[in-house]
$ cat coords-v9.pdb   # PDB, N, CA and C atoms
MODEL        1
ATOM      1  N   MET A   1      -8.668  28.671 -36.310
ATOM      2  CA  MET A   1      -9.578  28.482 -35.197
ATOM      3  C   MET A   1      -9.853  29.838 -34.560
ATOM      4  N   ASN A   2     -11.062  30.040 -34.206
ATOM      5  CA  ASN A   2     -11.452  31.287 -33.570
ATOM      6  C   ASN A   2     -10.891  31.393 -32.165
ATOM      7  N   ALA A   3     -10.575  32.593 -31.747
ATOM      8  CA  ALA A   3     -10.062  32.824 -30.395
ATOM      9  C   ALA A   3     -11.153  32.593 -29.358
ATOM     10  N   GLN A   4     -12.402  32.604 -29.764
ATOM     11  CA  GLN A   4     -13.508  32.388 -28.835
ATOM     12  C   GLN A   4     -13.589  30.928 -28.393
ATOM     13  N   PHE A   5     -13.140  30.018 -29.220
ATOM     14  CA  PHE A   5     -13.249  28.594 -28.907
ATOM     15  C   PHE A   5     -12.086  28.063 -28.082
ATOM     16  N   LEU A   6     -10.996  28.801 -28.018
ATOM     17  CA  LEU A   6      -9.823  28.351 -27.275
ATOM     18  C   LEU A   6     -10.103  28.168 -25.777
ATOM     19  N   PRO A   7     -10.757  29.111 -25.098
ATOM     20  CA  PRO A   7     -11.075  28.881 -23.675
ATOM     21  C   PRO A   7     -12.001  27.674 -23.468
ATOM     22  N   LEU A   8     -12.960  27.492 -24.374
ATOM     23  CA  LEU A   8     -13.863  26.347 -24.262
ATOM     24  C   LEU A   8     -13.115  25.037 -24.437
ATOM     25  N   LEU A   9     -12.154  25.019 -25.342
ATOM     26  CA  LEU A   9     -11.348  23.828 -25.574
ATOM     27  C   LEU A   9     -10.499  23.505 -24.347
ATOM     28  N   LEU A  10      -9.911  24.522 -23.737
ATOM     29  CA  LEU A  10      -9.114  24.318 -22.530
ATOM     30  C   LEU A  10      -9.967  23.804 -21.372
ATOM     31  N   ILE A  11     -11.137  24.363 -21.207
ATOM     32  CA  ILE A  11     -12.042  23.918 -20.138
ATOM     33  C   ILE A  11     -12.466  22.476 -20.371
ATOM     34  N   ALA A  12     -12.764  22.116 -21.608
ATOM     35  CA  ALA A  12     -13.159  20.736 -21.921
ATOM     36  C   ALA A  12     -12.006  19.774 -21.655
ATOM     37  N   ALA A  13     -10.784  20.157 -22.013
ATOM     38  CA  ALA A  13      -9.627  19.291 -21.771
ATOM     39  C   ALA A  13      -9.405  19.097 -20.270
ATOM     40  N   LEU A  14      -9.522  20.157 -19.495
ATOM     41  CA  LEU A  14      -9.375  20.043 -18.046
ATOM     42  C   LEU A  14     -10.469  19.168 -17.437
ATOM     43  N   ALA A  15     -11.682  19.299 -17.932
ATOM     44  CA  ALA A  15     -12.788  18.483 -17.419
ATOM     45  C   ALA A  15     -12.538  17.002 -17.683
ATOM     46  N   VAL A  16     -12.043  16.672 -18.858
ATOM     47  CA  VAL A  16     -11.748  15.275 -19.191
ATOM     48  C   VAL A  16     -10.660  14.741 -18.261
ATOM     49  N   LEU A  17      -9.605  15.522 -18.041
ATOM     50  CA  LEU A  17      -8.535  15.090 -17.154
ATOM     51  C   LEU A  17      -9.032  14.888 -15.722
ATOM     52  N   LEU A  18      -9.870  15.782 -15.234
ATOM     53  CA  LEU A  18     -10.416  15.640 -13.884
ATOM     54  C   LEU A  18     -11.287  14.401 -13.744
ATOM     55  N   ILE A  19     -12.090  14.119 -14.740
ATOM     56  CA  ILE A  19     -12.954  12.934 -14.700
ATOM     57  C   ILE A  19     -12.115  11.666 -14.701
ATOM     58  N   MET A  20     -11.072  11.617 -15.517
ATOM     59  CA  MET A  20     -10.221  10.432 -15.571
ATOM     60  C   MET A  20      -9.483  10.230 -14.249
ATOM     61  N   ASN A  21      -9.023  11.321 -13.640
ATOM     62  CA  ASN A  21      -8.318  11.235 -12.361
ATOM     63  C   ASN A  21      -9.261  10.767 -11.256
ATOM     64  N   THR A  22     -10.470  11.243 -11.251
ATOM     65  CA  THR A  22     -11.454  10.831 -10.242
ATOM     66  C   THR A  22     -11.760   9.345 -10.360
ATOM     67  N   ARG A  23     -11.890   8.838 -11.560
ATOM     68  CA  ARG A  23     -12.162   7.410 -11.765
ATOM     69  C   ARG A  23     -11.000   6.559 -11.270
ATOM     70  N   ARG A  24      -9.778   7.024 -11.512
ATOM     71  CA  ARG A  24      -8.590   6.286 -11.067
ATOM     72  C   ARG A  24      -8.537   6.249  -9.537
ATOM     73  N   GLN A  25      -8.855   7.368  -8.896
ATOM     74  CA  GLN A  25      -8.852   7.411  -7.435
ATOM     75  C   GLN A  25      -9.926   6.492  -6.849
ATOM     76  N   LYS A  26     -11.098   6.481  -7.437
ATOM     77  CA  LYS A  26     -12.169   5.606  -6.949
ATOM     78  C   LYS A  26     -11.771   4.137  -7.082
ATOM     79  N   ARG A  27     -11.109   3.791  -8.186
ATOM     80  CA  ARG A  27     -10.662   2.414  -8.392
ATOM     81  C   ARG A  27      -9.600   2.033  -7.355
ATOM     82  N   ALA A  28      -8.696   2.952  -7.042
ATOM     83  CA  ALA A  28      -7.654   2.674  -6.054
ATOM     84  C   ALA A  28      -8.261   2.496  -4.667
ATOM     85  N   ILE A  29      -9.245   3.287  -4.318
ATOM     86  CA  ILE A  29      -9.923   3.160  -3.024
ATOM     87  C   ILE A  29     -10.668   1.834  -2.946
ATOM     88  N   ALA A  30     -11.344   1.460  -4.017
ATOM     89  CA  ALA A  30     -12.071   0.185  -4.038
ATOM     90  C   ALA A  30     -11.104  -0.992  -3.897
ATOM     91  N   ASP A  31      -9.946  -0.925  -4.562
ATOM     92  CA  ASP A  31      -8.954  -1.998  -4.450
ATOM     93  C   ASP A  31      -8.411  -2.099  -3.027
ATOM     94  N   ALA A  32      -8.168  -0.949  -2.386
ATOM     95  CA  ALA A  32      -7.659  -0.956  -1.008
ATOM     96  C   ALA A  32      -8.688  -1.551  -0.055
ATOM     97  N   GLN A  33      -9.961  -1.209  -0.222
ATOM     98  CA  GLN A  33     -11.001  -1.763   0.635
ATOM     99  C   GLN A  33     -11.148  -3.265   0.427
ATOM    100  N   LYS A  34     -11.023  -3.712  -0.816
ATOM    101  CA  LYS A  34     -11.109  -5.142  -1.106
ATOM    102  C   LYS A  34      -9.960  -5.889  -0.424
ATOM    103  N   LEU A  35      -8.751  -5.320  -0.485
ATOM    104  CA  LEU A  35      -7.595  -5.919   0.170
ATOM    105  C   LEU A  35      -7.811  -6.004   1.676
ATOM    106  N   GLN A  36      -8.276  -4.928   2.279
ATOM    107  CA  GLN A  36      -8.457  -4.884   3.729
ATOM    108  C   GLN A  36      -9.506  -5.875   4.207
ATOM    109  N   LYS A  37     -10.524  -6.107   3.418
ATOM    110  CA  LYS A  37     -11.561  -7.065   3.800
ATOM    111  C   LYS A  37     -11.101  -8.510   3.594
ATOM    112  N   SER A  38     -10.109  -8.724   2.740
ATOM    113  CA  SER A  38      -9.681 -10.081   2.423
ATOM    114  C   SER A  38      -8.597 -10.608   3.363
ATOM    115  N   LEU A  39      -8.129  -9.828   4.312
ATOM    116  CA  LEU A  39      -7.048 -10.258   5.194
ATOM    117  C   LEU A  39      -7.512 -11.336   6.160
ATOM    118  N   VAL A  40      -6.702 -12.395   6.284
ATOM    119  CA  VAL A  40      -6.986 -13.482   7.218
ATOM    120  C   VAL A  40      -5.725 -13.766   8.035
ATOM    121  N   ASN A  41      -5.887 -14.543   9.107
ATOM    122  CA  ASN A  41      -4.744 -14.884   9.952
ATOM    123  C   ASN A  41      -3.649 -15.561   9.129
ATOM    124  N   GLY A  42      -2.406 -15.164   9.385
ATOM    125  CA  GLY A  42      -1.272 -15.741   8.701
ATOM    126  C   GLY A  42      -0.807 -14.970   7.479
ATOM    127  N   ASP A  43      -1.587 -14.004   7.004
ATOM    128  CA  ASP A  43      -1.173 -13.204   5.852
ATOM    129  C   ASP A  43       0.011 -12.319   6.221
ATOM    130  N   GLN A  44       0.964 -12.226   5.317
ATOM    131  CA  GLN A  44       2.093 -11.305   5.465
ATOM    132  C   GLN A  44       1.687  -9.992   4.818
ATOM    133  N   VAL A  45       1.833  -8.873   5.549
ATOM    134  CA  VAL A  45       1.395  -7.579   5.046
ATOM    135  C   VAL A  45       2.478  -6.522   5.245
ATOM    136  N   VAL A  46       2.298  -5.400   4.545
ATOM    137  CA  VAL A  46       3.130  -4.225   4.721
ATOM    138  C   VAL A  46       2.192  -3.063   5.027
ATOM    139  N   THR A  47       2.510  -2.299   6.079
ATOM    140  CA  THR A  47       1.683  -1.155   6.439
ATOM    141  C   THR A  47       2.088   0.061   5.623
ATOM    142  N   THR A  48       1.306   1.125   5.734
ATOM    143  CA  THR A  48       1.616   2.350   5.004
ATOM    144  C   THR A  48       2.917   2.973   5.487
ATOM    145  N   SER A  49       3.364   2.632   6.686
ATOM    146  CA  SER A  49       4.637   3.154   7.193
ATOM    147  C   SER A  49       5.808   2.236   6.845
ATOM    148  N   GLY A  50       5.554   1.145   6.102
ATOM    149  CA  GLY A  50       6.619   0.261   5.654
ATOM    150  C   GLY A  50       6.932  -0.885   6.589
ATOM    151  N   LEU A  51       6.140  -1.080   7.630
ATOM    152  CA  LEU A  51       6.367  -2.154   8.595
ATOM    153  C   LEU A  51       5.870  -3.478   8.026
ATOM    154  N   HIS A  52       6.717  -4.498   8.037
ATOM    155  CA  HIS A  52       6.340  -5.840   7.591
ATOM    156  C   HIS A  52       5.836  -6.609   8.805
ATOM    157  N   ALA A  53       4.682  -7.279   8.677
ATOM    158  CA  ALA A  53       4.073  -7.965   9.813
ATOM    159  C   ALA A  53       3.225  -9.129   9.332
ATOM    160  N   THR A  54       2.754  -9.917  10.306
ATOM    161  CA  THR A  54       1.878 -11.050  10.041
ATOM    162  C   THR A  54       0.548 -10.796  10.731
ATOM    163  N   VAL A  55      -0.551 -11.048  10.025
ATOM    164  CA  VAL A  55      -1.887 -10.884  10.612
ATOM    165  C   VAL A  55      -2.117 -12.013  11.607
ATOM    166  N   VAL A  56      -2.487 -11.656  12.853
ATOM    167  CA  VAL A  56      -2.739 -12.672  13.872
ATOM    168  C   VAL A  56      -4.153 -12.607  14.438
ATOM    169  N   GLY A  57      -4.945 -11.646  14.017
ATOM    170  CA  GLY A  57      -6.315 -11.594  14.493
ATOM    171  C   GLY A  57      -6.964 -10.272  14.157
ATOM    172  N   SER A  58      -8.279 -10.231  14.311
ATOM    173  CA  SER A  58      -9.016  -8.985  14.120
ATOM    174  C   SER A  58     -10.222  -9.012  15.048
ATOM    175  N   ALA A  59     -10.211  -8.126  16.023
ATOM    176  CA  ALA A  59     -11.280  -8.085  17.005
ATOM    177  C   ALA A  59     -12.491  -7.299  16.507
ATOM    178  N   GLU A  60     -12.244  -6.306  15.675
ATOM    179  CA  GLU A  60     -13.313  -5.441  15.191
ATOM    180  C   GLU A  60     -13.237  -5.333  13.676
ATOM    181  N   ASP A  61     -14.254  -4.680  13.102
ATOM    182  CA  ASP A  61     -14.285  -4.539  11.648
ATOM    183  C   ASP A  61     -13.233  -3.563  11.127
ATOM    184  N   ASP A  62     -12.873  -2.563  11.929
ATOM    185  CA  ASP A  62     -11.953  -1.544  11.438
ATOM    186  C   ASP A  62     -10.524  -1.677  11.970
ATOM    187  N   THR A  63     -10.246  -2.661  12.810
ATOM    188  CA  THR A  63      -8.889  -2.864  13.320
ATOM    189  C   THR A  63      -8.404  -4.281  13.026
ATOM    190  N   ILE A  64      -7.092  -4.447  13.106
ATOM    191  CA  ILE A  64      -6.484  -5.747  12.842
ATOM    192  C   ILE A  64      -5.258  -5.877  13.747
ATOM    193  N   ASP A  65      -5.006  -7.086  14.244
ATOM    194  CA  ASP A  65      -3.850  -7.332  15.096
ATOM    195  C   ASP A  65      -2.718  -7.878  14.245
ATOM    196  N   LEU A  66      -1.538  -7.263  14.380
ATOM    197  CA  LEU A  66      -0.363  -7.670  13.614
ATOM    198  C   LEU A  66       0.745  -8.103  14.556
ATOM    199  N   GLU A  67       1.473  -9.147  14.156
ATOM    200  CA  GLU A  67       2.649  -9.577  14.903
ATOM    201  C   GLU A  67       3.860  -9.047  14.141
ATOM    202  N   ILE A  68       4.592  -8.116  14.792
ATOM    203  CA  ILE A  68       5.717  -7.472  14.119
ATOM    204  C   ILE A  68       7.043  -8.134  14.461
ATOM    205  N   ALA A  69       7.059  -8.944  15.512
ATOM    206  CA  ALA A  69       8.214  -9.746  15.920
ATOM    207  C   ALA A  69       7.637 -10.909  16.716
ATOM    208  N   PRO A  70       8.385 -11.987  16.887
ATOM    209  CA  PRO A  70       7.836 -13.113  17.648
ATOM    210  C   PRO A  70       7.380 -12.682  19.037
ATOM    211  N   GLY A  71       6.095 -12.842  19.289
ATOM    212  CA  GLY A  71       5.519 -12.492  20.583
ATOM    213  C   GLY A  71       5.129 -11.032  20.741
ATOM    214  N   VAL A  72       5.366 -10.189  19.739
ATOM    215  CA  VAL A  72       5.035  -8.759  19.823
ATOM    216  C   VAL A  72       3.840  -8.487  18.916
ATOM    217  N   ARG A  73       2.693  -8.232  19.537
ATOM    218  CA  ARG A  73       1.467  -7.992  18.785
ATOM    219  C   ARG A  73       1.023  -6.556  18.978
ATOM    220  N   THR A  74       0.588  -5.945  17.896
ATOM    221  CA  THR A  74       0.101  -4.574  17.933
ATOM    222  C   THR A  74      -1.225  -4.503  17.195
ATOM    223  N   ARG A  75      -2.031  -3.512  17.540
ATOM    224  CA  ARG A  75      -3.334  -3.329  16.894
ATOM    225  C   ARG A  75      -3.250  -2.137  15.954
ATOM    226  N   TRP A  76      -3.693  -2.331  14.732
ATOM    227  CA  TRP A  76      -3.627  -1.313  13.690
ATOM    228  C   TRP A  76      -5.006  -1.121  13.072
ATOM    229  N   LEU A  77      -5.231   0.051  12.487
ATOM    230  CA  LEU A  77      -6.415   0.245  11.665
ATOM    231  C   LEU A  77      -6.225  -0.531  10.366
ATOM    232  N   ARG A  78      -7.289  -1.118   9.877
ATOM    233  CA  ARG A  78      -7.186  -1.859   8.609
ATOM    234  C   ARG A  78      -6.748  -0.943   7.474
ATOM    235  N   ALA A  79      -7.104   0.330   7.557
ATOM    236  CA  ALA A  79      -6.743   1.287   6.505
ATOM    237  C   ALA A  79      -5.235   1.491   6.419
ATOM    238  N   ALA A  80      -4.492   1.093   7.437
ATOM    239  CA  ALA A  80      -3.037   1.259   7.436
ATOM    240  C   ALA A  80      -2.332   0.147   6.669
ATOM    241  N   ILE A  81      -3.059  -0.854   6.202
ATOM    242  CA  ILE A  81      -2.452  -1.952   5.440
ATOM    243  C   ILE A  81      -2.335  -1.518   3.985
ATOM    244  N   ARG A  82      -1.096  -1.483   3.479
ATOM    245  CA  ARG A  82      -0.856  -1.038   2.109
ATOM    246  C   ARG A  82      -0.906  -2.182   1.118
ATOM    247  N   GLU A  83      -0.314  -3.339   1.477
ATOM    248  CA  GLU A  83      -0.297  -4.454   0.545
ATOM    249  C   GLU A  83      -0.134  -5.769   1.280
ATOM    250  N   LYS A  84      -0.550  -6.833   0.590
ATOM    251  CA  LYS A  84      -0.365  -8.180   1.098
ATOM    252  C   LYS A  84       0.790  -8.803   0.337
ATOM    253  N   ILE A  85       1.715  -9.407   1.082
ATOM    254  CA  ILE A  85       2.885 -10.022   0.459
ATOM    255  C   ILE A  85       2.566 -11.488   0.193
ATOM    256  N   THR A  86       2.732 -11.898  -1.059
ATOM    257  CA  THR A  86       2.548 -13.300  -1.394
ATOM    258  C   THR A  86       3.890 -14.007  -1.279
ATOM    259  N   SER A  87       3.875 -15.311  -1.246
ATOM    260  CA  SER A  87       5.127 -16.065  -1.118
ATOM    261  C   SER A  87       6.036 -15.832  -2.325
ATOM    262  N   ALA A  88       5.467 -15.587  -3.491
ATOM    263  CA  ALA A  88       6.269 -15.307  -4.682
ATOM    264  C   ALA A  88       6.973 -13.961  -4.555
ATOM    265  N   ASP A  89       6.290 -12.963  -3.946
ATOM    266  CA  ASP A  89       6.904 -11.657  -3.745
ATOM    267  C   ASP A  89       8.074 -11.754  -2.776
ATOM    268  N   ALA A  90       7.899 -12.486  -1.702
ATOM    269  CA  ALA A  90       8.936 -12.594  -0.685
ATOM    270  C   ALA A  90      10.153 -13.339  -1.213
ATOM    271  N   ALA A  91       9.939 -14.351  -2.033
ATOM    272  CA  ALA A  91      11.049 -15.143  -2.555
ATOM    273  C   ALA A  91      11.835 -14.395  -3.629
ATOM    274  N   SER A  92      11.176 -13.511  -4.364
ATOM    275  CA  SER A  92      11.847 -12.832  -5.472
ATOM    276  C   SER A  92      12.550 -11.556  -5.055
ATOM    277  N   ALA A  93      12.399 -11.118  -3.814
ATOM    278  CA  ALA A  93      13.019  -9.872  -3.367
ATOM    279  C   ALA A  93      14.238 -10.171  -2.506
ATOM    280  N   PRO A  94      15.433 -10.195  -3.118
ATOM    281  CA  PRO A  94      16.631 -10.479  -2.328
ATOM    282  C   PRO A  94      16.980  -9.306  -1.419
ATOM    283  N   LEU A  95      17.616  -9.608  -0.316
ATOM    284  CA  LEU A  95      18.036  -8.561   0.599
ATOM    285  C   LEU A  95      19.271  -7.874   0.028
ATOM    286  N   ALA A  96      19.285  -6.574   0.105
ATOM    287  CA  ALA A  96      20.403  -5.808  -0.431
ATOM    288  C   ALA A  96      21.246  -5.270   0.719
ATOM    289  N   ALA A  97      22.534  -5.166   0.491
ATOM    290  CA  ALA A  97      23.437  -4.603   1.492
ATOM    291  C   ALA A  97      23.256  -3.089   1.520
ATOM    292  N   PRO A  98      23.405  -2.455   2.671
ATOM    293  CA  PRO A  98      23.300  -1.004   2.744
ATOM    294  C   PRO A  98      24.355  -0.328   1.869
ATOM    295  N   VAL A  99      24.001   0.794   1.317
ATOM    296  CA  VAL A  99      24.889   1.516   0.428
ATOM    297  C   VAL A  99      26.082   2.096   1.186
ATOM    298  N   ASP A 100      25.865   2.469   2.453
ATOM    299  CA  ASP A 100      26.931   3.120   3.212
ATOM    300  C   ASP A 100      27.970   2.156   3.764
ATOM    301  N   GLY A 101      27.799   0.857   3.562
ATOM    302  CA  GLY A 101      28.750  -0.134   4.003
ATOM    303  C   GLY A 101      28.690  -0.445   5.488
ATOM    304  N   SER A 102      27.560  -0.098   6.123
ATOM    305  CA  SER A 102      27.454  -0.304   7.567
ATOM    306  C   SER A 102      27.314  -1.769   7.959
ATOM    307  N   ALA A 103      26.930  -2.623   7.037
ATOM    308  CA  ALA A 103      26.795  -4.052   7.338
ATOM    309  C   ALA A 103      27.977  -4.793   6.718
ATOM    310  N   ARG A 104      29.110  -4.700   7.345
ATOM    311  CA  ARG A 104      30.313  -5.336   6.833
ATOM    312  C   ARG A 104      30.400  -6.756   7.308
ATOM    313  N   GLY A 105      30.825  -7.632   6.463
ATOM    314  CA  GLY A 105      30.913  -9.049   6.794
ATOM    315  C   GLY A 105      32.110  -9.424   7.618
ATOM    316  N   ASP A 106      33.170  -8.594   7.641
ATOM    317  CA  ASP A 106      34.390  -8.971   8.355
ATOM    318  C   ASP A 106      34.445  -8.460   9.789
ATOM    319  N   ASN A 107      33.406  -7.727  10.226
ATOM    320  CA  ASN A 107      33.287  -7.201  11.591
ATOM    321  C   ASN A 107      34.521  -6.404  12.033
ATOM    322  N   SER A 108      35.133  -5.689  11.154
ATOM    323  CA  SER A 108      36.294  -4.877  11.550
ATOM    324  C   SER A 108      36.020  -3.403  11.441
TER     325      SER A 108
ENDMDL
END
$ encode --input "coords-v9.pdb" --output "structure tokens"
Amino acid sequence: MNAQFLPLLLIAALAVLLIMNTRRQKRAIADAQKLQKSLVNGDQVVTTSGLHATVVGSAEDDTIDLEIAPGVRTRWLRAAIREKITSADAASAPLAAPVDGSARGDNS
């Protein structure tokens, strides 16, 4: 292979990788927007900060009200919702004990 074609080959390979990455990002953004538009009252969700909550209302198109504890309601941007938890997800995820042993059963 000629040394003249090596830079062209590298540029073409990088271009292909960039195009594939851009398509993946666009698909992820579209999926997130679809999720945010599909939220209704009673849905169990997880925010981008890891907070588990229940959807209790939405006053505007870009915000949503979440109940994070009984009687505690907060307003969040819809973009902060990372995923919707289905009943199958909640049932299949058992609670794990802390690794450091801080949750001891014998209270001693």
$ resolve_selection --input "coords-v9.pdb" --expression "the PyMOL selection byres ((chain A and resi 37-41) around 8)" --output "ChimeraX atom specification"
/A:31-36,42-44,54-58,78
$ resolve_selection --input "coords-v9.pdb" --expression "the PyMOL selection byres (((chain A and resi 49-52 and name CA) around 12) and name CA)" --output "ChimeraX atom specification"
/A:43-48,53-55,66-69,74,76,79-85,90
$ write_last_selection --input "coords-v9.pdb" --atoms "N, CA and C atoms" --output "PDB file, keeping the file's coordinate frame"
ATOM      1  N   ASP A  43      -1.587 -14.004   7.004  1.00  0.00           N
ATOM      2  CA  ASP A  43      -1.173 -13.204   5.852  1.00  0.00           C
ATOM      3  C   ASP A  43       0.011 -12.319   6.221  1.00  0.00           C
ATOM      4  N   GLN A  44       0.964 -12.226   5.317  1.00  0.00           N
ATOM      5  CA  GLN A  44       2.093 -11.305   5.465  1.00  0.00           C
ATOM      6  C   GLN A  44       1.687  -9.992   4.818  1.00  0.00           C
ATOM      7  N   VAL A  45       1.833  -8.873   5.549  1.00  0.00           N
ATOM      8  CA  VAL A  45       1.395  -7.579   5.046  1.00  0.00           C
ATOM      9  C   VAL A  45       2.478  -6.522   5.245  1.00  0.00           C
ATOM     10  N   VAL A  46       2.298  -5.400   4.545  1.00  0.00           N
ATOM     11  CA  VAL A  46       3.130  -4.225   4.721  1.00  0.00           C
ATOM     12  C   VAL A  46       2.192  -3.063   5.027  1.00  0.00           C
ATOM     13  N   THR A  47       2.510  -2.299   6.079  1.00  0.00           N
ATOM     14  CA  THR A  47       1.683  -1.155   6.439  1.00  0.00           C
ATOM     15  C   THR A  47       2.088   0.061   5.623  1.00  0.00           C
ATOM     16  N   THR A  48       1.306   1.125   5.734  1.00  0.00           N
ATOM     17  CA  THR A  48       1.616   2.350   5.004  1.00  0.00           C
ATOM     18  C   THR A  48       2.917   2.973   5.487  1.00  0.00           C
ATOM     19  N   ALA A  53       4.682  -7.279   8.677  1.00  0.00           N
ATOM     20  CA  ALA A  53       4.073  -7.965   9.813  1.00  0.00           C
ATOM     21  C   ALA A  53       3.225  -9.129   9.332  1.00  0.00           C
ATOM     22  N   THR A  54       2.754  -9.917  10.306  1.00  0.00           N
ATOM     23  CA  THR A  54       1.878 -11.050  10.041  1.00  0.00           C
ATOM     24  C   THR A  54       0.548 -10.796  10.731  1.00  0.00           C
ATOM     25  N   VAL A  55      -0.551 -11.048  10.025  1.00  0.00           N
ATOM     26  CA  VAL A  55      -1.887 -10.884  10.612  1.00  0.00           C
ATOM     27  C   VAL A  55      -2.117 -12.013  11.607  1.00  0.00           C
ATOM     28  N   LEU A  66      -1.538  -7.263  14.380  1.00  0.00           N
ATOM     29  CA  LEU A  66      -0.363  -7.670  13.614  1.00  0.00           C
ATOM     30  C   LEU A  66       0.745  -8.103  14.556  1.00  0.00           C
ATOM     31  N   GLU A  67       1.473  -9.147  14.156  1.00  0.00           N
ATOM     32  CA  GLU A  67       2.649  -9.577  14.903  1.00  0.00           C
ATOM     33  C   GLU A  67       3.860  -9.047  14.141  1.00  0.00           C
ATOM     34  N   ILE A  68       4.592  -8.116  14.792  1.00  0.00           N
ATOM     35  CA  ILE A  68       5.717  -7.472  14.119  1.00  0.00           C
ATOM     36  C   ILE A  68       7.043  -8.134  14.461  1.00  0.00           C
ATOM     37  N   ALA A  69       7.059  -8.944  15.512  1.00  0.00           N
ATOM     38  CA  ALA A  69       8.214  -9.746  15.920  1.00  0.00           C
ATOM     39  C   ALA A  69       7.637 -10.909  16.716  1.00  0.00           C
ATOM     40  N   THR A  74       0.588  -5.945  17.896  1.00  0.00           N
ATOM     41  CA  THR A  74       0.101  -4.574  17.933  1.00  0.00           C
ATOM     42  C   THR A  74      -1.225  -4.503  17.195  1.00  0.00           C
ATOM     43  N   TRP A  76      -3.693  -2.331  14.732  1.00  0.00           N
ATOM     44  CA  TRP A  76      -3.627  -1.313  13.690  1.00  0.00           C
ATOM     45  C   TRP A  76      -5.006  -1.121  13.072  1.00  0.00           C
ATOM     46  N   ALA A  79      -7.104   0.330   7.557  1.00  0.00           N
ATOM     47  CA  ALA A  79      -6.743   1.287   6.505  1.00  0.00           C
ATOM     48  C   ALA A  79      -5.235   1.491   6.419  1.00  0.00           C
ATOM     49  N   ALA A  80      -4.492   1.093   7.437  1.00  0.00           N
ATOM     50  CA  ALA A  80      -3.037   1.259   7.436  1.00  0.00           C
ATOM     51  C   ALA A  80      -2.332   0.147   6.669  1.00  0.00           C
ATOM     52  N   ILE A  81      -3.059  -0.854   6.202  1.00  0.00           N
ATOM     53  CA  ILE A  81      -2.452  -1.952   5.440  1.00  0.00           C
ATOM     54  C   ILE A  81      -2.335  -1.518   3.985  1.00  0.00           C
ATOM     55  N   ARG A  82      -1.096  -1.483   3.479  1.00  0.00           N
ATOM     56  CA  ARG A  82      -0.856  -1.038   2.109  1.00  0.00           C
ATOM     57  C   ARG A  82      -0.906  -2.182   1.118  1.00  0.00           C
ATOM     58  N   GLU A  83      -0.314  -3.339   1.477  1.00  0.00           N
ATOM     59  CA  GLU A  83      -0.297  -4.454   0.545  1.00  0.00           C
ATOM     60  C   GLU A  83      -0.134  -5.769   1.280  1.00  0.00           C
ATOM     61  N   LYS A  84      -0.550  -6.833   0.590  1.00  0.00           N
ATOM     62  CA  LYS A  84      -0.365  -8.180   1.098  1.00  0.00           C
ATOM     63  C   LYS A  84       0.790  -8.803   0.337  1.00  0.00           C
ATOM     64  N   ILE A  85       1.715  -9.407   1.082  1.00  0.00           N
ATOM     65  CA  ILE A  85       2.885 -10.022   0.459  1.00  0.00           C
ATOM     66  C   ILE A  85       2.566 -11.488   0.193  1.00  0.00           C
ATOM     67  N   ALA A  90       7.899 -12.486  -1.702  1.00  0.00           N
ATOM     68  CA  ALA A  90       8.936 -12.594  -0.685  1.00  0.00           C
ATOM     69  C   ALA A  90      10.153 -13.339  -1.213  1.00  0.00           C
TER      70      ALA A  90
END
$ atom_distance --input "coords-v9.pdb" --atom1 "atom CA of Ala28 of chain A" --atom2 "atom CA of Leu14 of chain A"
21.2 Å
$ atom_distance --input "coords-v9.pdb" --atom1 "atom C of Arg75 of chain A" --atom2 "atom N of Glu60 of chain A"
9.9 Å
$ atom_distance --input "coords-v9.pdb" --atom1 "atom CA of Ala30 of chain A" --atom2 "atom C of Ser87 of chain A"
24.2 Å
$ select_by_dssp --input "coords-v9.pdb" --residues "segment 2-108 of chain A" --states "strand (DSSP E or B)" --output "number ranges by chain"
A: 44-47, 52-57, 63-69, 72-77, 81-85
